[in-house]
Structure formats: C-alpha cells, structure tokens
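A.B. asks: Below you'll find input07.cif; it's mmCIF, C-alpha atoms.
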```cif
data_my_file
loop_
_atom_site.label_atom_id
_atom_site.label_comp_id
_atom_site.auth_asym_id
_atom_site.auth_seq_id
_atom_site.Cartn_x
_atom_site.Cartn_y
_atom_site.Cartn_z
CA MET A 1 0.00 0.00 0.00
CA LEU A 2 2.86 2.33 0.79
CA ILE A 3 4.38 1.63 -2.60
CA PHE A 4 1.10 2.59 -4.28
CA ASP A 5 0.96 5.89 -2.43
CA ILE A 6 4.58 6.75 -3.12
CA CYS A 7 3.88 5.99 -6.79
CA HIS A 8 1.49 8.94 -6.94
CA HIS A 9 4.35 11.33 -6.44
CA VAL A 10 6.77 9.43 -8.66
CA ILE A 11 4.26 9.17 -11.47
CA ASP A 12 3.58 12.88 -11.20
CA ILE A 13 7.28 13.73 -11.43
CA GLY A 14 7.90 11.34 -14.31
CA VAL A 15 4.87 12.26 -16.37
CA MET A 16 5.11 16.00 -15.84
CA SER A 17 8.75 16.04 -16.91
CA GLY A 18 7.69 14.84 -20.35
CA ALA A 19 4.37 16.67 -20.46
CA ALA A 20 5.88 20.09 -19.72
CA ILE A 21 6.89 20.57 -23.35
CA TYR A 22 3.37 19.92 -24.59
CA ILE A 23 1.71 21.96 -21.84
CA LYS A 24 3.91 24.90 -22.77
CA ARG A 25 3.04 24.54 -26.43
CA ASP A 26 -0.70 23.87 -26.07
CA LEU A 27 -1.47 26.39 -23.33
CA LYS A 28 1.05 28.95 -24.64
CA VAL A 29 2.62 29.68 -21.27
CA SER A 30 6.08 30.96 -20.41
CA ASP A 31 8.97 28.97 -19.01
CA GLY A 32 8.46 30.63 -15.64
CA LYS A 33 4.88 29.41 -15.41
CA ILE A 34 5.96 25.89 -16.36
CA GLU A 35 8.61 25.96 -13.63
CA VAL A 36 6.03 27.08 -11.08
CA LEU A 37 3.58 24.45 -12.30
CA LEU A 38 6.10 21.64 -11.93
CA GLY A 39 7.59 22.74 -8.63
CA ILE A 40 4.52 23.92 -6.75
CA ILE A 41 3.24 20.41 -6.06
CA ASN A 42 5.83 20.07 -3.31
CA ILE A 43 4.42 23.15 -1.57
CA TYR A 44 0.86 21.89 -2.04
CA SER A 45 1.78 18.52 -0.58
CA LEU A 46 2.80 20.27 2.63
CA ILE A 47 -0.84 21.22 3.13
CA GLY A 48 -1.92 17.60 2.82
CA SER A 49 0.86 16.47 5.13
CA CYS A 50 -0.18 18.94 7.80
CA LEU A 51 -3.82 17.84 7.60
CA ALA A 52 -3.10 14.10 7.42
CA GLY A 53 -2.31 13.55 11.10
CA ARG A 54 -5.56 14.98 12.40
CA THR A 55 -7.56 13.26 9.69
CA SER A 56 -6.01 9.88 10.44
CA ASP A 57 -6.73 10.30 14.14
CA TRP A 58 -10.32 11.17 13.30
CA ILE A 59 -11.21 8.51 10.68
CA GLY A 60 -8.31 6.04 10.99
CA ARG A 61 -5.17 5.35 8.97
CA ARG A 62 -6.72 3.01 6.42
CA TYR A 63 -9.57 5.36 5.51
CA THR A 64 -7.15 8.27 5.36
CA ILE A 65 -5.11 6.38 2.75
CA VAL A 66 -8.29 5.75 0.77
CA PHE A 67 -9.17 9.43 1.15
CA ALA A 68 -5.71 10.39 -0.11
CA GLY A 69 -6.13 8.19 -3.18
CA ALA A 70 -9.53 9.74 -3.89
CA ILE A 71 -8.14 13.26 -3.59
CA PHE A 72 -5.27 12.41 -5.93
CA PHE A 73 -7.67 10.82 -8.42
CA VAL A 74 -9.84 13.94 -8.48
CA GLY A 75 -6.72 16.07 -8.94
CA ALA A 76 -5.59 13.88 -11.84
CA LEU A 77 -9.00 14.22 -13.49
CA LEU A 78 -8.92 18.00 -13.05
CA MET A 79 -5.45 18.19 -14.56
CA GLY A 80 -6.41 15.91 -17.44
CA PHE A 81 -9.43 17.98 -18.40
CA SER A 82 -7.95 21.42 -17.75
CA PRO A 83 -8.61 23.93 -20.54
CA ASN A 84 -6.22 26.60 -19.26
CA TYR A 85 -3.28 27.25 -16.96
CA ASN A 86 -5.32 28.34 -13.92
CA PHE A 87 -7.48 25.23 -13.99
CA LEU A 88 -4.36 23.10 -14.39
CA MET A 89 -2.85 24.83 -11.36
CA PHE A 90 -6.02 24.08 -9.37
CA GLY A 91 -5.75 20.43 -10.38
CA ARG A 92 -2.12 20.44 -9.23
CA PHE A 93 -3.27 21.86 -5.90
CA VAL A 94 -5.81 19.07 -5.38
CA ALA A 95 -3.35 16.38 -6.46
CA GLY A 96 -0.66 17.88 -4.24
CA VAL A 97 -2.90 17.71 -1.19
CA GLY A 98 -3.59 14.04 -1.98
CA ILE A 99 0.12 13.35 -2.34
CA GLY A 100 0.79 15.02 0.99
CA TYR A 101 -1.82 12.89 2.70
CA ALA A 102 -0.40 9.70 1.19
CA LEU A 103 3.24 10.48 1.89
CA MET A 104 2.46 11.24 5.51
CA ILE A 105 0.07 8.44 6.45
CA ALA A 106 1.18 5.44 4.37
CA PRO A 107 4.51 4.92 6.19
CA VAL A 108 2.77 5.25 9.55
CA TYR A 109 0.15 2.68 8.58
CA THR A 110 2.80 0.32 7.23
CA ALA A 111 4.83 0.58 10.42
CA GLU A 112 1.75 -0.08 12.53
CA VAL A 113 0.57 -3.22 10.72
CA SER A 114 3.91 -4.85 9.87
CA PRO A 115 5.69 -7.30 12.20
CA ALA A 116 8.67 -5.94 14.07
CA SER A 117 11.12 -8.22 12.22
CA SER A 118 10.33 -6.70 8.80
CA ARG A 119 9.17 -3.21 9.77
CA GLY A 120 12.37 -1.46 8.69
CA PHE A 121 12.45 -3.16 5.31
CA LEU A 122 8.78 -2.52 4.58
CA THR A 123 8.94 1.16 5.48
CA SER A 124 12.21 1.89 3.64
CA PHE A 125 11.67 -0.22 0.51
CA PRO A 126 9.43 2.36 -1.25
CA GLU A 127 12.01 5.10 -0.74
CA VAL A 128 14.76 2.98 -2.27
CA ASN A 129 12.44 1.92 -5.08
CA LEU A 130 11.62 5.56 -5.79
CA PHE A 131 14.83 6.13 -7.71
CA TYR A 132 14.28 3.09 -9.91
CA LYS A 133 10.78 4.26 -10.80
CA LEU A 134 12.01 7.76 -11.61
CA TYR A 135 14.63 6.29 -13.90
CA VAL A 136 12.01 4.20 -15.72
CA PHE A 137 9.68 7.18 -16.20
CA PHE A 138 12.44 9.46 -17.46
CA GLN A 139 13.66 6.80 -19.87
CA SER A 140 10.14 6.17 -21.19
CA THR A 141 9.69 9.89 -21.77
CA PHE A 142 13.01 10.02 -23.62
CA ILE A 143 12.10 7.03 -25.79
CA MET A 144 8.70 8.48 -26.71
CA ASP A 145 10.24 11.84 -27.59
CA TYR A 146 13.05 10.15 -29.50
CA LYS A 147 10.63 8.20 -31.67
CA LYS A 148 8.75 11.40 -32.60
CA SER A 149 11.85 13.34 -33.62
CA ASP A 150 14.14 13.04 -36.60
CA PHE A 151 17.21 13.11 -34.34
CA HIS A 152 19.43 10.05 -34.67
CA ILE A 153 22.61 9.22 -32.81
#
```
Using structure tokens, write down the structure from this file.
C.D. replies:
Amino acid sequence: MLIFDICHHVIDIGVMSGAAIYIKRDLKVSDGKIEVLLGIINIYSLIGSCLAGRTSDWIGRRYTIVFAGAIFFVGALLMGFSPNYNFLMFGRFVAGVGIGYALMIAPVYTAEVSPASSRGFLTSFPEVNLFYKLYVFFQSTFIMDYKKSDFHI
C-alpha cells in the first residue's frame, strides 16, 4: 500500500517532466509558469501532510489512505481535463494535497501493521524503489520523444 501511495508522487514527477513541453506549447505559457507548475506540487503537498495527522486520528489510517487516493484521483481528473493554466494549477493543488496525505500516512500505517522483524524493510523499501521508478519514467519519456523526432545518434 505504501508503494502505491509513493507511486502517486513518482508518477507525477515522471509524467510532468515529459508533459511540460506539450503543456507549454498547447497552453502557450512561459517557461516561468511551467517551472512554477512543476515545482509547486511540493508546496501543495505540505498542506496535505499537515492535515493528514488529524484526519487519520479522526477517521483512521486506512480510511485516510483511501481518502488520499480519492483526492489524488480527483486532482488527476482536473489536470487531465484542464482547458487553461489556472485550472491546471487548481488540479495540481488538489493532487498535491492528496500526495501530501499519502506520503504522511502510508509509512505510519505500514509501520503499525507490519511485524517488528520486517518493519524497517517494509517502510524503507518504497524510498529505495523511488529512484528506480524515476529512472524508468524518465527513460520512457526520452524514448517516446526520440521516436517522434528526426534526431538520430
């Protein structure tokens, strides 16, 4: 479950790195706005992280993880159907809050339900796996862009 929640953030980083070129072209925004769009999700996730503790105490860890996934899903839908930059930024805000919830609560839940003998492995495995996933997403973006261009090595 923790791996699934960490994937939200990794998928966002990997996909947005390749999508930034097309967002800039289609929405006709400046480089500065693209930089803000890509980087602001870390600020937005702070909001979700701050709210996650109280929410998990109120409704429980498991339901908070489900809530985080629902928030991220709504944010992804908003970003996917955004007609302009402001709506896209609102979708990033919603997705960022969901990411913050997930990144805060999933390790706590994993540590609470796992046996003591494997608790360290289960809580640190997603962080180690994060770099592998980022590599795969960046390579897939490169391959897709390479196939569209006339550039040959």
A.B. asks: On this structure, which residues satisfy the PyMOL selection byres ((chain A and resi 90) around 12), written as a count of residues only?
C.D. replies: 27
A.B. asks: Would you mind reading off the distance between atom CA of A:Ile105 and atom CA of A:Gly53, one decimal, in Å?
C.D. replies: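 Here the two named atoms are 7.3 Å from each other.
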A.B. asks: For the PyMOL selection byres ((chain A and resi 67) around 12), applied here, can you spell out every residue it catches as JSON, numbers by chain?
C.D. replies: {"A": [5, 48, 51, 52, 55, 56, 59, 60, 61, 62, 63, 64, 65, 66, 68, 69, 70, 71, 72, 73, 74, 95, 97, 98, 99, 100, 101, 102, 105, 106]}
A.B. asks: Convert the current residue selection to file output with C-alpha atoms, as a short mmCIF file (atom, residue, chain, number, x, y, z; two decimals), keeping the file's coordinate frame.
C.D. replies:
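Dumped everything to out.cif:
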```cif
data_model
loop_
_atom_site.label_atom_id
_atom_site.label_comp_id
_atom_site.auth_asym_id
_atom_site.auth_seq_id
_atom_site.Cartn_x
_atom_site.Cartn_y
_atom_site.Cartn_z
CA ASP A 5 0.96 5.89 -2.43
CA GLY A 48 -1.92 17.60 2.82
CA LEU A 51 -3.82 17.84 7.60
CA ALA A 52 -3.10 14.10 7.42
CA THR A 55 -7.56 13.26 9.69
CA SER A 56 -6.01 9.88 10.44
CA ILE A 59 -11.21 8.51 10.68
CA GLY A 60 -8.31 6.04 10.99
CA ARG A 61 -5.17 5.35 8.97
CA ARG A 62 -6.72 3.01 6.42
CA TYR A 63 -9.57 5.36 5.51
CA THR A 64 -7.15 8.27 5.36
CA ILE A 65 -5.11 6.38 2.75
CA VAL A 66 -8.29 5.75 0.77
CA ALA A 68 -5.71 10.39 -0.11
CA GLY A 69 -6.13 8.19 -3.18
CA ALA A 70 -9.53 9.74 -3.89
CA ILE A 71 -8.14 13.26 -3.59
CA PHE A 72 -5.27 12.41 -5.93
CA PHE A 73 -7.67 10.82 -8.42
CA VAL A 74 -9.84 13.94 -8.48
CA ALA A 95 -3.35 16.38 -6.46
CA VAL A 97 -2.90 17.71 -1.19
CA GLY A 98 -3.59 14.04 -1.98
CA ILE A 99 0.12 13.35 -2.34
CA GLY A 100 0.79 15.02 0.99
CA TYR A 101 -1.82 12.89 2.70
CA ALA A 102 -0.40 9.70 1.19
CA ILE A 105 0.07 8.44 6.45
CA ALA A 106 1.18 5.44 4.37
#
```
A.B. asks: Considering all atoms listed in the file, can you say which of A:Lys28, A:Leu103, A:Arg54, A:Ala111 comes closest to A:Asn42?
C.D. replies: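 With all atoms listed in the file as the atom set, the closest residue is A:Leu103.
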A.B. asks: Please determine, counting only C-alpha atoms, which residue among A:Ser140, A:Trp58, A:Ala19, A:Met104 has the shortest atom-to-atom distance to A:Leu46.
C.D. replies: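 Distance minimum relative to A:Leu46 lands on A:Met104.
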A.B. asks: Take atom CA of A:Asp31 and atom CA of A:Val136 and report the distance between them in Å, one decimal.
C.D. replies: 25.2 Å
A.B. asks: Between atom CA of A:Asp26 and atom CA of A:Thr141, what is the distance in Å, rounded to a tenth?
C.D. replies: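 Atom-to-atom, atom CA of A:Asp26 and atom CA of A:Thr141 are spaced 17.9 Å apart.
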A.B. asks: Counting only C-alpha atoms, I want the residues whose atoms come within 12 Å of (6.1, 29.8, -20.1) in the file frame, returned as a ChimeraX atom specification.
C.D. replies: /A:20-38,85
A.B. asks: Pick out the closest residue to A:Gly39 from this set: A:Ser17, A:Thr110, A:Gln139, A:Asn129. Count only C-alpha atoms.
C.D. replies: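 Going through A:Ser17, A:Thr110, A:Gln139, A:Asn129 one by one, the smallest distance to A:Gly39 is for A:Ser17.
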